[in-house]
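Student: This is the structure I want to talk about, given as structure tokens.
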Number of protein chains: 2
Amino acid sequence: MTFEVYVLRIGHRPARDKRITTHVGLVARAFGARGMILDCRDEKVLSSLSMVCKNWGGSFHLSFTEDPYDYCIKWKNDGGEIIHLTMYGINLPLVINDIKKSCKNKLVVVGAEKVPRFYYEIADWNVAIGNQPHSEVAALAVFLLELLDGWVFRSSFENAKIKIIPSEKGKRVIKVSK
Amino acid sequence: MTFEVYVLRIGHRPARDKRITTHVGLVARAFGARGMILDCRDEKVLSSLSMVCKNWGGSFHLSFTEDPYDYCIKWKNDGGEIIHLTMYGINLPLVINDIKKSCKNKLVVVGAEKVPRFYYEIADWNVAIGNQPHSEVAALAVFLLELLDGWVFRSSFENAKIKIIPSEKGKRVIKVSK
């Protein structure tokens, strides 16, 4: 893989979206993105995600931006491209090969309910995971699964304190000592 | 496809899980399951999902069970099989072909944080979408995507009042009149 993937979560409302945004962050990490940028400072989301990173390893980056428009403009100026996940977009199978061909770093924009027109315009790709209402968590998972060729199934995270041994029944967890 | 797929959402706590469970239901519908069974009566989740079904079409079934253990036992007695999605399970690529080969109706069990041992035992398959913590919404989406060969991308729903015309920029929605 010659590009890096970051997720920009927009429209986060702390009172309402804590758990959904936490799921977006966990999916970003588990499916192979390098980090998530939130458009709103929310220490509770940050601490949930930091705790997972501490225990399960890896170097997932978390940050906030007060100006997500500016963040996107700078991302493009730095040579990156933007993929906006939206049910109004073109379905993934029609565009995934073109997206994978490009070596540019990718910012995946994941919105909540109402997404300003700005993102549709600045995005290099407006991509749908089906044209029905469902979930930004699901859309991000399927997009990263396809973009990174199923990295989630062969992932490895440095400095993990906990690892799972996959099993047919029950739970097998090992604690890794240094 | 010779089997039907239903989703059993367990461990739902109305105060905490409304939005996550609503996303589970929306993903179940959009990715091709026939219905969702909740282990707890929650009229708010029911009304959100019913509204989507009314506008976007299809015949997605919603129901509640007061005894999810008994529901699972009856499902098996009726000749169905059970797939429990859990990060402790065997990774999807290792088992998906065997699961698809079977023509039995499938109940996909999707838990919240703590899942009783019962489900690990009664499941024919304990399946992981990677062995990292992420999201039951994401796990369900990826599982149904693979099980139903990307049905989400060619889905059609009868009696829809609203349809999206996929577009490269912006939103195109048509209202369907009868």
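Each chain of the structure tokens is named A, B, ... in the order shown, its residues numbered from 1; ligands are numbered from 1 in display order.
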Wanna dump the chain B-chain A contacts at 6 Å for me, each residue with its shortest atom pair and the distance in Å to one decimal, counting only C-alpha atoms, ordered by chain and number, as CSV?

Tutor:
```
residue,atom,partner,partner_atom,distance
B:His23,CA,A:Ser135,CA,5.5
B:Leu26,CA,A:His134,CA,4.7
B:Val27,CA,A:His134,CA,5.2
B:Tyr88,CA,A:Pro166,CA,5.3
B:Gly89,CA,A:Pro166,CA,5.1
B:Ile90,CA,A:Pro166,CA,5.1
B:Tyr120,CA,A:Lys169,CA,5.4
B:Asn126,CA,A:Glu168,CA,5.9
B:Gly130,CA,A:Phe153,CA,4.8
B:His134,CA,A:Leu26,CA,4.7
B:Ser135,CA,A:His23,CA,5.5
B:Val137,CA,A:Ala138,CA,5.9
B:Ala138,CA,A:Ala138,CA,4.5
B:Ala141,CA,A:Ala138,CA,5.6
B:Val152,CA,A:Gly130,CA,5.3
B:Phe153,CA,A:Gly130,CA,4.9
B:Pro166,CA,A:Gly89,CA,5.1
B:Ser167,CA,A:Gly89,CA,5.1
B:Glu168,CA,A:Gly89,CA,5.8
B:Lys169,CA,A:Tyr120,CA,5.4
B:Gly170,CA,A:Tyr120,CA,5.6
B:Lys171,CA,A:Tyr88,CA,5.4
```

Student: Can you tell me, as a ChimeraX atom specification, which residues in range 81-145 of chain A count as helix (DSSP H, G or I) by DSSP?

Tutor: /A:92-101,117-122,136-145

Student: Write out as a ChimeraX atom specification all residues of chain A that backbone DSSP assigns to strand (DSSP E or B).

Tutor: /A:5-9,35-38,61-64,81-91,106-110,125-128,162-164,173-175

Student: Which residue, A:Thr2, A:Asn159, A:Ser47, A:Asn105, has the smallest gap to Lys76 in chain A when you use only C-alpha atoms?

Tutor: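 For Lys76 in chain A, the nearest of the candidates is A:Asn105.
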
Student: Given only C-alpha atoms as the basis, pick out the residue of B:Asp67, B:Asp149, B:Asp98, B:Asp39 nearest to Ile83 in chain B.

Tutor: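 The closest residue to Ile83 in chain B is B:Asp98.
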
Student: Rank nothing, just name the residue among A:Ala15, A:Val7, A:Val115, A:Leu148 nearest to His61 in chain A, using only C-alpha atoms.

Tutor: A:Val7

Student: Quick one: everything within 10 Å of Leu147 in chain B, counting only C-alpha atoms, minus sequence neighbours fewer than 6 positions away in the same chain. Send it as a list in words.

Tutor: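 Close residues of Leu147 in chain B: Met1, Val5, Phe31, Gly32, Leu92, Ile96, Asn97, Ile99, Lys100 and Ala141 of chain B.
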
Student: Of the candidates A:Ile37, A:Glu43, A:Lys74, A:Arg13, which one gets nearest to Val109 in chain A if we count only C-alpha atoms?

Tutor: A:Ile37

Student: Quick one: of A:Lys175, A:Arg34, A:Lys161, A:Lys44, who's nearest to Ser59 in chain A, counting only C-alpha atoms?

Tutor: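 With only C-alpha atoms as the atom set, the closest residue is A:Arg34.
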
Student: Give the answer as one residue: which of B:Ala112, B:Val95, B:Val45, B:Ile82 has the shortest atom-to-atom distance to Arg9 in chain B, using only C-alpha atoms?

Tutor: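 Result for the nearest residue to Arg9 in chain B: B:Ala112.
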
Student: What does the structure give for the distance between CA of Ile10 in chain A and CA of Met51 in chain A, in Å to one decimal?

Tutor: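 Atom-to-atom, CA of Ile10 in chain A and CA of Met51 in chain A are spaced 22.2 Å apart.
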